[in-house]
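Student: My structure is in protein_22.txt, and what it holds is compact mmCIF, C-alpha atoms:
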```txt
# COMPACT_ATOMS: atom_id res chain seq x y z
CA MET A 1 0.00 0.00 0.00
CA TYR A 2 2.81 2.33 0.91
CA CYS A 3 4.46 1.67 -2.40
CA LEU A 4 1.25 2.40 -4.27
CA PHE A 5 0.72 5.67 -2.47
CA ALA A 6 4.33 6.64 -2.98
CA ARG A 7 3.96 5.99 -6.68
CA ASN A 8 0.71 7.89 -6.84
CA ASP A 9 2.58 10.93 -5.69
CA LYS A 10 4.80 10.71 -8.73
CA SER A 11 2.08 9.96 -11.24
CA GLY A 12 4.22 10.47 -14.34
CA CYS A 13 6.79 7.95 -13.21
CA PHE A 14 4.08 5.49 -12.23
CA GLY A 15 2.45 5.81 -15.66
CA ARG A 16 5.71 4.98 -17.36
CA HIS A 17 6.21 1.99 -15.08
CA ALA A 18 2.69 0.80 -15.73
CA LEU A 19 3.21 1.11 -19.49
CA ILE A 20 6.43 -0.90 -19.33
CA SER A 21 4.75 -3.55 -17.15
CA LEU A 22 1.82 -3.81 -19.53
CA TRP A 23 4.12 -4.09 -22.52
CA THR A 24 6.17 -6.80 -20.79
CA LEU A 25 2.99 -8.68 -19.90
CA LEU A 26 1.75 -8.54 -23.48
CA LEU A 27 5.12 -9.70 -24.76
CA CYS A 28 5.19 -12.63 -22.34
CA SER A 29 1.64 -13.70 -23.18
CA GLY A 30 2.43 -13.39 -26.89
CA ILE A 31 5.45 -15.63 -26.50
CA GLY A 32 3.31 -18.08 -24.48
CA ALA A 33 0.69 -18.15 -27.20
CA LEU A 34 3.34 -18.74 -29.85
CA ALA A 35 4.80 -21.56 -27.76
CA GLN A 36 1.37 -23.15 -27.41
CA SER A 37 0.67 -23.03 -31.11
CA ALA A 38 4.11 -24.42 -31.82
CA ALA A 39 3.66 -27.31 -29.36
CA PRO A 40 1.45 -29.68 -31.45
CA PRO A 41 3.96 -30.23 -34.28
CA LEU A 42 6.52 -31.29 -31.66
CA ASN A 43 4.07 -33.88 -30.25
CA ALA A 44 2.83 -34.97 -33.66
CA ASN A 45 4.95 -38.10 -33.59
CA ALA A 46 3.85 -39.07 -30.09
CA PRO A 47 1.21 -41.84 -30.11
CA PHE A 48 -2.36 -40.76 -29.55
CA SER A 49 -3.58 -42.19 -26.27
CA ILE A 50 -6.63 -41.68 -24.07
CA ARG A 51 -8.34 -43.42 -21.20
CA ALA A 52 -11.25 -45.59 -22.33
CA THR A 53 -13.52 -48.40 -21.20
CA HIS A 54 -13.74 -51.47 -23.38
CA VAL A 55 -17.44 -52.36 -23.38
CA LEU A 56 -17.23 -55.43 -25.60
CA GLY A 57 -15.87 -56.86 -28.81
CA LEU A 58 -12.09 -57.03 -28.56
CA PRO A 59 -10.60 -60.53 -28.51
CA ASN A 60 -9.01 -61.70 -25.24
CA THR A 61 -10.15 -58.62 -23.38
CA LYS A 62 -12.63 -58.53 -20.55
CA ASN A 63 -15.85 -56.61 -21.07
CA ASN A 64 -16.29 -53.33 -19.21
CA CYS A 65 -12.64 -52.95 -18.28
CA ASN A 66 -10.78 -49.67 -18.14
CA GLY A 67 -7.51 -49.05 -19.90
CA MET A 68 -5.66 -46.93 -22.41
CA LEU A 69 -6.78 -46.69 -26.00
CA SER A 70 -3.97 -45.67 -28.30
CA ILE A 71 -3.16 -45.47 -31.97
CA GLN A 72 0.34 -46.69 -32.78
CA ASN A 73 1.96 -48.11 -35.91
CA ASN A 74 -1.30 -48.26 -37.85
CA ALA A 75 -3.00 -50.24 -35.11
CA LEU A 76 -5.61 -49.38 -32.56
CA ARG A 77 -4.41 -50.74 -29.22
CA PHE A 78 -6.23 -51.19 -25.97
CA GLN A 79 -4.10 -51.88 -22.96
CA LYS A 80 -5.34 -52.69 -19.54
CA CYS A 81 -2.78 -52.04 -16.82
CA GLY A 82 -0.49 -55.04 -16.56
CA ASN A 83 -2.15 -57.04 -19.34
CA PRO A 84 -0.88 -57.58 -22.87
CA ASP A 85 -2.66 -55.19 -25.16
CA ALA A 86 -5.34 -56.14 -27.67
CA GLN A 87 -4.95 -54.54 -31.02
CA VAL A 88 -6.87 -54.09 -34.23
CA ASN A 89 -5.14 -53.26 -37.48
CA ILE A 90 -6.53 -49.97 -38.69
CA ALA A 91 -6.60 -51.25 -42.27
CA SER A 92 -9.14 -53.87 -41.15
CA VAL A 93 -11.51 -51.30 -39.66
CA HIS A 94 -14.43 -50.86 -42.04
CA ALA A 95 -16.52 -48.27 -40.31
CA LEU A 96 -16.55 -46.05 -37.28
CA PHE A 97 -19.58 -44.71 -35.46
CA LEU A 98 -19.68 -42.13 -32.75
CA GLY A 99 -22.54 -42.03 -30.27
CA GLU A 100 -23.52 -40.51 -26.99
CA GLU A 101 -24.86 -42.18 -23.87
CA SER A 102 -25.58 -41.32 -20.28
CA LYS A 103 -25.11 -43.62 -17.35
CA GLN A 104 -25.36 -43.66 -13.60
CA VAL A 105 -22.04 -43.42 -11.80
CA GLY A 106 -20.83 -45.17 -8.69
CA GLY A 107 -21.52 -48.78 -9.62
CA LEU A 108 -22.93 -51.30 -7.19
CA PRO A 109 -21.90 -49.52 -3.95
CA MET A 110 -23.72 -46.41 -5.10
CA LYS A 111 -26.78 -48.45 -6.06
CA LEU A 112 -26.88 -50.09 -2.65
CA GLY A 113 -26.42 -46.73 -0.96
CA LYS A 114 -29.25 -45.22 -2.97
CA ALA A 115 -31.50 -48.15 -2.19
CA ALA A 116 -30.77 -47.82 1.51
CA ALA A 117 -31.34 -44.07 1.63
CA PRO A 118 -34.59 -43.28 3.46
CA TYR A 119 -37.52 -41.25 2.12
CA GLY A 120 -36.54 -41.77 -1.50
CA GLY A 121 -33.31 -39.89 -1.05
CA GLY A 122 -31.62 -42.29 -3.43
CA ARG A 123 -33.82 -41.09 -6.27
CA VAL A 124 -32.72 -37.52 -5.71
CA VAL A 125 -29.10 -38.65 -5.75
CA SER A 126 -29.79 -40.51 -9.03
CA LEU A 127 -30.94 -37.25 -10.58
CA PHE A 128 -27.45 -35.84 -10.25
CA ALA A 129 -25.28 -38.96 -10.22
CA HIS A 130 -25.14 -39.50 -13.95
CA LYS A 131 -22.46 -38.82 -16.49
CA LYS A 132 -22.48 -38.40 -20.23
CA TYR A 133 -19.87 -40.12 -22.33
CA ASP A 134 -19.11 -40.86 -25.95
CA THR A 135 -19.40 -44.34 -27.40
CA LEU A 136 -17.06 -45.35 -30.16
CA THR A 137 -18.22 -48.31 -32.24
CA LEU A 138 -15.87 -49.99 -34.69
CA ASP A 139 -16.62 -52.54 -37.38
CA TYR A 140 -13.59 -54.58 -38.37
CA VAL A 141 -12.76 -57.90 -39.99
CA ASP A 142 -10.42 -60.64 -38.84
CA SER A 143 -7.95 -62.61 -40.95
CA ASP A 144 -10.72 -65.05 -42.03
CA GLY A 145 -13.00 -62.24 -43.14
CA GLY A 146 -15.34 -62.58 -40.16
CA VAL A 147 -17.04 -59.37 -39.14
CA HIS A 148 -16.31 -58.10 -35.62
CA GLY A 149 -17.59 -55.13 -33.69
CA ALA A 150 -16.04 -53.37 -30.73
CA ILE A 151 -17.48 -50.71 -28.47
CA PHE A 152 -15.51 -48.28 -26.32
CA GLU A 153 -16.65 -45.62 -23.90
CA VAL A 154 -14.58 -42.45 -23.70
CA THR A 155 -14.99 -39.18 -21.86
CA LYS A 156 -17.42 -36.83 -23.54
CA GLY A 157 -15.67 -34.89 -26.28
CA GLN A 158 -12.79 -37.32 -26.70
CA GLY A 159 -14.71 -39.56 -29.06
CA GLU A 160 -14.41 -36.89 -31.70
CA LEU A 161 -10.62 -36.81 -31.23
CA VAL A 162 -10.31 -40.57 -31.72
CA LYS A 163 -12.59 -40.36 -34.73
CA ASN A 164 -10.46 -37.61 -36.28
CA GLU A 165 -7.29 -39.61 -35.69
CA LEU A 166 -8.77 -42.72 -37.29
CA VAL A 167 -10.28 -40.83 -40.20
CA ALA A 168 -6.87 -39.26 -40.82
CA LEU A 169 -5.48 -42.80 -41.07
CA GLY A 170 -8.05 -43.77 -43.68
CA VAL A 171 -10.93 -45.22 -41.68
CA SER A 172 -14.28 -44.30 -43.14
CA SER A 173 -16.60 -42.63 -40.74
CA SER A 174 -20.17 -43.55 -41.50
CA PRO A 175 -22.25 -40.84 -43.18
CA GLY A 176 -25.07 -41.41 -40.70
CA GLU A 177 -23.55 -40.93 -37.27
CA ASP A 178 -24.50 -43.35 -34.55
CA GLN A 179 -27.87 -42.21 -33.30
CA PRO A 180 -27.85 -41.29 -29.62
CA THR A 181 -30.36 -43.36 -27.74
CA LYS A 182 -32.58 -40.55 -26.64
CA GLN A 183 -35.64 -41.15 -24.57
CA SER A 184 -38.54 -40.92 -26.93
CA ILE A 185 -42.16 -40.69 -25.95
CA SER A 186 -43.55 -42.79 -28.69
CA GLU A 187 -42.63 -46.38 -29.11
CA VAL A 188 -41.10 -47.03 -32.49
CA ALA A 189 -42.50 -50.06 -34.14
CA HIS A 190 -41.53 -51.78 -37.30
CA GLU A 191 -44.03 -54.31 -38.50
CA ASP A 192 -43.05 -57.32 -40.50
CA LYS A 193 -41.46 -56.44 -43.73
CA MET B 1 -40.46 -46.70 20.46
CA LYS B 2 -36.94 -48.04 20.65
CA THR B 3 -37.96 -51.53 19.68
CA SER B 4 -39.88 -50.44 16.56
CA LYS B 5 -36.74 -49.46 14.58
CA PRO B 6 -34.85 -52.73 15.10
CA ASN B 7 -38.07 -54.58 14.28
CA SER B 8 -38.44 -52.74 10.99
CA TRP B 9 -34.80 -53.43 10.13
CA ILE B 10 -35.23 -57.12 10.93
CA PHE B 11 -38.34 -57.15 8.77
CA CYS B 12 -36.47 -55.48 5.88
CA VAL B 13 -33.54 -57.90 6.11
CA ALA B 14 -35.91 -60.86 6.30
CA ALA B 15 -37.78 -59.61 3.24
CA CYS B 16 -34.51 -59.18 1.29
CA VAL B 17 -33.35 -62.66 2.23
CA THR B 18 -36.73 -64.14 1.22
CA ILE B 19 -36.63 -62.39 -2.16
CA ALA B 20 -33.02 -63.49 -2.74
CA VAL B 21 -33.86 -67.10 -1.88
CA ALA B 22 -36.96 -67.02 -4.07
CA LEU B 23 -35.04 -65.60 -7.03
CA SER B 24 -32.18 -68.05 -6.70
CA GLY B 25 -34.67 -70.91 -6.48
CA ARG B 26 -36.39 -69.67 -9.61
CA LEU B 27 -33.09 -69.42 -11.49
CA SER B 28 -32.00 -72.87 -10.44
CA GLY B 29 -35.43 -74.13 -11.49
CA GLN B 30 -34.89 -72.61 -14.91
CA THR B 31 -31.51 -74.22 -15.35
CA ALA B 32 -32.88 -77.53 -14.11
CA ALA B 33 -35.65 -77.29 -16.66
CA LEU B 34 -33.15 -76.62 -19.42
CA LYS B 35 -30.76 -79.39 -18.51
CA PRO B 36 -32.64 -82.34 -20.06
CA SER B 37 -32.63 -80.67 -23.47
CA ASP B 38 -28.83 -80.57 -23.44
CA GLY B 39 -28.31 -84.18 -24.23
CA SER B 40 -31.34 -84.63 -26.48
CA SER B 41 -29.99 -83.05 -29.60
CA GLY B 42 -31.68 -85.86 -31.45
CA SER B 43 -30.14 -86.72 -34.77
CA GLY B 44 -26.50 -87.50 -35.34
CA THR B 45 -25.64 -84.43 -37.42
CA GLN B 46 -24.31 -81.52 -35.48
CA TRP B 47 -25.11 -78.24 -37.10
CA SER B 48 -22.86 -75.27 -37.37
CA LEU B 49 -24.19 -71.76 -37.20
CA GLN B 50 -23.26 -68.55 -38.93
CA VAL B 51 -24.54 -65.39 -37.27
CA GLU B 52 -25.39 -62.54 -39.59
CA ARG B 53 -25.21 -58.91 -38.60
CA ILE B 54 -28.32 -57.36 -37.13
CA ASP B 55 -30.78 -55.87 -39.56
CA PRO B 56 -32.25 -52.72 -37.94
CA GLY B 57 -35.13 -52.65 -40.42
CA HIS B 58 -36.53 -49.16 -40.68
CA LEU B 59 -35.78 -48.35 -37.05
CA GLU B 60 -33.23 -45.85 -35.86
CA LEU B 61 -31.30 -48.30 -33.75
CA ALA B 62 -27.91 -47.00 -32.63
CA HIS B 63 -25.05 -48.84 -34.27
CA SER B 64 -23.60 -49.63 -30.86
CA PHE B 65 -26.79 -51.58 -30.11
CA GLN B 66 -26.53 -53.52 -33.36
CA VAL B 67 -22.91 -54.42 -32.66
CA ALA B 68 -23.68 -55.29 -29.04
CA ILE B 69 -26.52 -57.65 -30.06
CA TYR B 70 -24.29 -59.31 -32.67
CA GLU B 71 -21.33 -59.79 -30.33
CA ASN B 72 -23.50 -60.94 -27.42
CA LEU B 73 -25.29 -63.39 -29.71
CA LEU B 74 -21.99 -64.97 -30.73
CA GLU B 75 -20.96 -65.28 -27.11
CA GLU B 76 -24.25 -66.70 -25.88
CA LEU B 77 -24.58 -69.15 -28.79
CA ASN B 78 -21.07 -70.41 -28.12
CA LYS B 79 -22.07 -70.98 -24.50
CA THR B 80 -24.99 -73.25 -25.51
CA LYS B 81 -22.56 -75.79 -27.04
CA ARG B 82 -25.32 -76.83 -29.41
CA PHE B 83 -23.35 -76.04 -32.52
CA LYS B 84 -20.13 -77.47 -33.82
CA TYR B 85 -18.93 -74.07 -34.98
CA VAL B 86 -20.39 -70.64 -34.42
CA LEU B 87 -19.12 -68.44 -37.21
CA ARG B 88 -19.26 -64.75 -37.89
CA GLU B 89 -20.70 -63.14 -40.97
CA GLY B 90 -18.21 -63.14 -43.82
CA ASP B 91 -16.09 -65.94 -42.37
CA SER B 92 -14.41 -67.73 -45.26
CA LYS B 93 -14.57 -71.08 -43.41
CA ALA B 94 -18.36 -71.12 -43.80
CA SER B 95 -18.11 -72.35 -47.40
CA GLU B 96 -16.30 -75.51 -46.25
CA ILE B 97 -18.86 -76.50 -43.61
CA PRO B 98 -21.64 -78.79 -44.88
CA ASP B 99 -24.39 -78.55 -42.20
CA LEU B 100 -24.59 -74.85 -41.82
CA LEU B 101 -27.47 -72.80 -40.52
CA ILE B 102 -27.60 -69.04 -40.80
CA LEU B 103 -29.09 -66.93 -38.04
CA LYS B 104 -30.82 -63.82 -39.33
CA THR B 105 -31.99 -61.26 -36.81
CA THR B 106 -34.27 -58.35 -37.66
CA VAL B 107 -35.27 -55.70 -35.16
CA VAL B 108 -39.04 -55.46 -35.00
CA LYS B 109 -39.60 -53.05 -32.15
CA TYR B 110 -37.33 -50.77 -30.18
CA THR B 111 -38.10 -48.45 -27.29
CA PRO B 112 -35.11 -46.33 -26.29
CA GLY B 113 -34.68 -46.11 -22.54
CA ASN B 114 -32.95 -43.86 -20.07
CA GLU B 115 -30.96 -45.17 -17.13
CA THR B 116 -31.39 -42.01 -15.07
CA GLN B 117 -35.14 -42.05 -15.59
CA ARG B 118 -35.22 -45.68 -14.49
CA ALA B 119 -33.22 -44.88 -11.37
CA VAL B 120 -35.40 -41.91 -10.46
CA THR B 121 -38.87 -43.18 -11.29
CA THR B 122 -38.50 -46.99 -11.27
CA VAL B 123 -41.58 -47.35 -13.47
CA SER B 124 -40.46 -45.57 -16.64
CA GLY B 125 -37.37 -45.37 -18.83
CA ALA B 126 -37.20 -49.04 -19.71
CA THR B 127 -35.20 -50.07 -22.77
CA LYS B 128 -37.13 -52.60 -24.82
CA LEU B 129 -36.00 -54.57 -27.82
CA THR B 130 -37.97 -57.08 -29.85
CA VAL B 131 -36.40 -59.00 -32.70
CA ARG B 132 -37.41 -61.68 -35.12
CA SER B 133 -34.83 -64.44 -35.41
CA GLN B 134 -34.75 -66.90 -38.25
CA LEU B 135 -32.63 -69.97 -38.66
CA VAL B 136 -32.12 -70.44 -42.36
CA THR B 137 -30.37 -73.22 -44.23
CA SER B 138 -27.69 -72.44 -46.76
CA ASP B 139 -30.25 -72.91 -49.55
CA GLY B 140 -32.55 -70.29 -48.01
CA ARG B 141 -35.18 -72.42 -46.25
CA ILE B 142 -36.38 -71.18 -42.88
CA VAL B 143 -36.22 -73.98 -40.33
CA LEU B 144 -36.93 -72.03 -37.16
CA GLU B 145 -38.50 -68.67 -36.54
CA SER B 146 -39.00 -66.89 -33.24
CA THR B 147 -39.80 -63.47 -31.85
CA VAL B 148 -37.72 -62.64 -28.81
CA ASN B 149 -37.63 -59.76 -26.34
CA GLY B 150 -34.78 -58.22 -24.40
CA ASN B 151 -35.57 -55.51 -21.89
CA VAL B 152 -34.01 -53.54 -19.07
CA TYR B 153 -36.61 -52.41 -16.56
CA PHE B 154 -34.70 -51.50 -13.40
CA PHE B 155 -30.96 -51.93 -13.09
CA GLY B 156 -28.22 -51.75 -15.66
CA SER B 157 -27.25 -49.63 -18.61
CA ASN B 158 -29.22 -49.44 -21.83
CA LEU B 159 -26.81 -51.83 -23.53
CA ARG B 160 -27.77 -54.43 -20.95
CA ALA B 161 -30.92 -54.97 -23.05
CA THR B 162 -28.77 -56.37 -25.85
CA HIS B 163 -27.22 -58.90 -23.49
CA ASN B 164 -30.64 -60.00 -22.23
CA LEU B 165 -31.90 -60.24 -25.80
CA ALA B 166 -28.96 -62.35 -26.95
CA ARG B 167 -29.38 -64.65 -23.96
CA ASN B 168 -33.09 -65.08 -24.75
CA ILE B 169 -32.40 -65.82 -28.42
CA ALA B 170 -29.78 -68.40 -27.44
CA LYS B 171 -32.24 -69.90 -24.94
CA ALA B 172 -34.98 -70.09 -27.57
CA ILE B 173 -32.64 -71.87 -29.99
CA LYS B 174 -31.40 -74.16 -27.25
CA GLN B 175 -34.92 -75.11 -26.22
CA SER B 176 -35.92 -75.92 -29.78
CA ASN B 177 -35.01 -79.50 -30.45
CA MET B 178 -32.48 -79.71 -33.25
CA ALA B 179 -34.10 -82.95 -34.41
CA MET B 180 -37.27 -80.95 -34.92
CA VAL B 181 -35.24 -78.44 -36.89
CA GLN B 182 -33.92 -81.27 -39.04
CA ALA B 183 -37.45 -82.62 -39.56
CA SER B 184 -38.68 -79.21 -40.58
CA TYR B 185 -35.69 -78.96 -42.89
CA ARG B 186 -37.14 -82.01 -44.66
CA ASP B 187 -40.76 -80.84 -44.48
CA THR B 188 -40.00 -77.15 -45.22
CA GLN B 189 -42.52 -76.08 -42.55
CA PRO B 190 -40.76 -73.85 -40.00
CA PRO B 191 -41.67 -74.37 -36.35
CA THR B 192 -42.62 -71.01 -34.88
CA LEU B 193 -41.75 -70.01 -31.36
CA ASN B 194 -43.40 -67.19 -29.45
CA ALA B 195 -41.69 -64.33 -27.64
CA ARG B 196 -40.73 -66.44 -24.61
CA GLY B 197 -39.07 -68.99 -26.80
CA THR B 198 -41.63 -71.70 -26.09
CA GLN B 199 -43.89 -73.30 -28.61
```
If you took the structure in this file and wrote it as structure tokens, what would it be?

Tutor:
Amino acid sequence: MYCLFARNDKSGCFGRHALISLWTLLLCSGIGALAQSAAPPLNANAPFSIRATHVLGLPNTKNNCNGMLSIQNNALRFQKCGNPDAQVNIASVHALFLGEESKQVGGLPMKLGKAAAPYGGGRVVSLFAHKKYDTLTLDYVDSDGGVHGAIFEVTKGQGELVKNELVALGVSSSPGEDQPTKQSISEVAHEDK
Amino acid sequence: MKTSKPNSWIFCVAACVTIAVALSGRLSGQTAALKPSDGSSGSGTQWSLQVERIDPGHLELAHSFQVAIYENLLEELNKTKRFKYVLREGDSKASEIPDLLILKTTVVKYTPGNETQRAVTTVSGATKLTVRSQLVTSDGRIVLESTVNGNVYFFGSNLRATHNLARNIAKAIKQSNMAMVQASYRDTQPPTLNARGTQ
């Protein structure tokens, strides 16, 4: 405070100081921005990797297990901590679909807790204890030509990143995106063809 | 007043135990009922099965659901041990297998659900799937046709419906006597099963 008052007395000097400080700040932020924009090309060779949940479909991998989904050497790899990774050759991936889902968080302990909560308190908790995520569905073929499908759950927003990476490597993203399973009022019925 | 709370807890625990025992008894009853059909596959020929991808018909069924039904079907049909080989669509080995049936699945009805709505209301938000399954011979004759449901009413994610559906389809195929399938293969009259997989 003393310093501020002292400077206020010499307003001309303070103005010059303030101008220099402002200029320095702008220079620093400009350099920071340049560094940020220059960063991606440096990391371009680093393998793309995100946390994901394998829902089903990959061979020799448990359903609903968490791990790292990465793209390396033209292969999509899923590695669960400590386990050998399952991989799909990107050339064998026929189609890619991106969807959106919402699920309750907390698993079984949360369910039990909600059930035990008195006066319907669990229902109120359920209202807020849900999380949206992206689903990534892949169609691929094995060495015999058999069609496989694999589903992954990734954090909302990251599905698009994986999709972009795979599309850049030549995977065709379907023209009709995976329809999100919204709650609809009317029941959709398709009678016999 | 003090004794009323423990009493209510005891009552709750007793009710839970009773429900658990009743459910486990029902499940074991189901498996016991299924067991005799395991050995009675009838004729000597053991069929192989090729599972085709799911046909969504005109419905807007999310692709993840289609893939989940397909993958769950393969898993559940392998578990039945009724078929010599369970092959995927497009598998090149299918052309070398003589007694091959093809499983075609078409989605007939689909009600999208919502897990949060289920958790909050209990009575709404169910995910419901109804499909028509056909076992077809390699020359295109339908030997078995059934309409099967897979639903999630209370617990589990929406994709859980696909698992339930696949299990019900596998159960319906398992319960149908393969000798009957062979007979209908000769007579060209497909046996039709209802939604619960029983005739």

Student: Give me, please, the distance in Å between CA of Ser126 (chain A) and CA of Gln117 (chain B), quoted to one decimal.

Tutor: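 CA of Ser126 (chain A) sits 8.6 Å away from CA of Gln117 (chain B).
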
Student: At a cut-off of 12 Å, using only C-alpha atoms, what residues contact Leu161 (chain A)? Leave out same-chain residues fewer than 4 positions from it and give the result as a PyMOL selection string.

Tutor: chain A and resi 48-50+69-71+98+134+136+154-157+165-168

Student: Using the selection just defined, write its residues with C-alpha atoms as a CSV table (one decimal), in the coordinates of the input.

Tutor:
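As a result, selection.csv now contains:
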```csv
chain,number,residue,atom,x,y,z
A,48,PHE,CA,-2.4,-40.8,-29.6
A,49,SER,CA,-3.6,-42.2,-26.3
A,50,ILE,CA,-6.6,-41.7,-24.1
A,69,LEU,CA,-6.8,-46.7,-26.0
A,70,SER,CA,-4.0,-45.7,-28.3
A,71,ILE,CA,-3.2,-45.5,-32.0
A,98,LEU,CA,-19.7,-42.1,-32.8
A,134,ASP,CA,-19.1,-40.9,-26.0
A,136,LEU,CA,-17.1,-45.4,-30.2
A,154,VAL,CA,-14.6,-42.4,-23.7
A,155,THR,CA,-15.0,-39.2,-21.9
A,156,LYS,CA,-17.4,-36.8,-23.5
A,157,GLY,CA,-15.7,-34.9,-26.3
A,165,GLU,CA,-7.3,-39.6,-35.7
A,166,LEU,CA,-8.8,-42.7,-37.3
A,167,VAL,CA,-10.3,-40.8,-40.2
A,168,ALA,CA,-6.9,-39.3,-40.8
```

Student: Which value, in Å to one decimal, gives the distance between CA of Arg88 (chain B) and CA of Ala170 (chain B)?

Tutor: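 Distance reported for this atom pair: 15.3 Å.
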
Student: Near chain A, meaning an atom within 6 Å, which residues of chain B appear when counting all atoms listed in the file? Write them as a compact mmCIF listing (two decimals) with C-alpha atoms, in the coordinates of the input.

Tutor:
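And here is the file that came out, iface.txt:
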```
# COMPACT_ATOMS: atom_id res chain seq x y z
CA ALA B 62 -27.91 -47.00 -32.63
CA HIS B 63 -25.05 -48.84 -34.27
CA SER B 64 -23.60 -49.63 -30.86
CA VAL B 67 -22.91 -54.42 -32.66
CA ARG B 88 -19.26 -64.75 -37.89
CA GLU B 89 -20.70 -63.14 -40.97
CA GLY B 90 -18.21 -63.14 -43.82
CA ASP B 91 -16.09 -65.94 -42.37
CA SER B 92 -14.41 -67.73 -45.26
CA VAL B 108 -39.04 -55.46 -35.00
CA LYS B 109 -39.60 -53.05 -32.15
CA TYR B 110 -37.33 -50.77 -30.18
CA THR B 111 -38.10 -48.45 -27.29
CA PRO B 112 -35.11 -46.33 -26.29
CA GLY B 113 -34.68 -46.11 -22.54
CA ASN B 114 -32.95 -43.86 -20.07
CA VAL B 120 -35.40 -41.91 -10.46
```

Student: Could you tell me how far CA of Ser172 (chain A) lies from CA of Arg77 (chain A), in Å and to one decimal?

Tutor: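 Between CA of Ser172 (chain A) and CA of Arg77 (chain A) the gap works out to 18.2 Å.
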
Student: Using only C-alpha atoms for the distances, tell me which of B:Lys79, B:Arg53, B:His163, B:Lys84 is nearest to Leu101 (chain B).

Tutor: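 The shortest atom-to-atom distance to Leu101 (chain B) comes from B:Lys84.
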
Student: Fewer than 2 positions away in the same chain doesn't count, so skip those; otherwise give me all residues within 10 Å of Arg167 (chain B), counting all atoms listed in the file, as an NGL selection string.

Tutor: :B and (69 or 72-73 or 75-77 or 79-80 or 148-150 or 161-165 or 169-173)

Student: Using all atoms listed in the file, give me every residue within 7 Å of (-4.7, -55.7, -33.9) in file coordinates, as an MDAnalysis selection string.

Tutor: chainID A and resid 75:77 86:89

Student: Using only C-alpha atoms, pick whichever of A:Asn60, A:Asn66, A:Lys132, A:Gln72 has the shortest atom-to-atom distance to Pro84 (chain A).

Tutor: A:Asn60
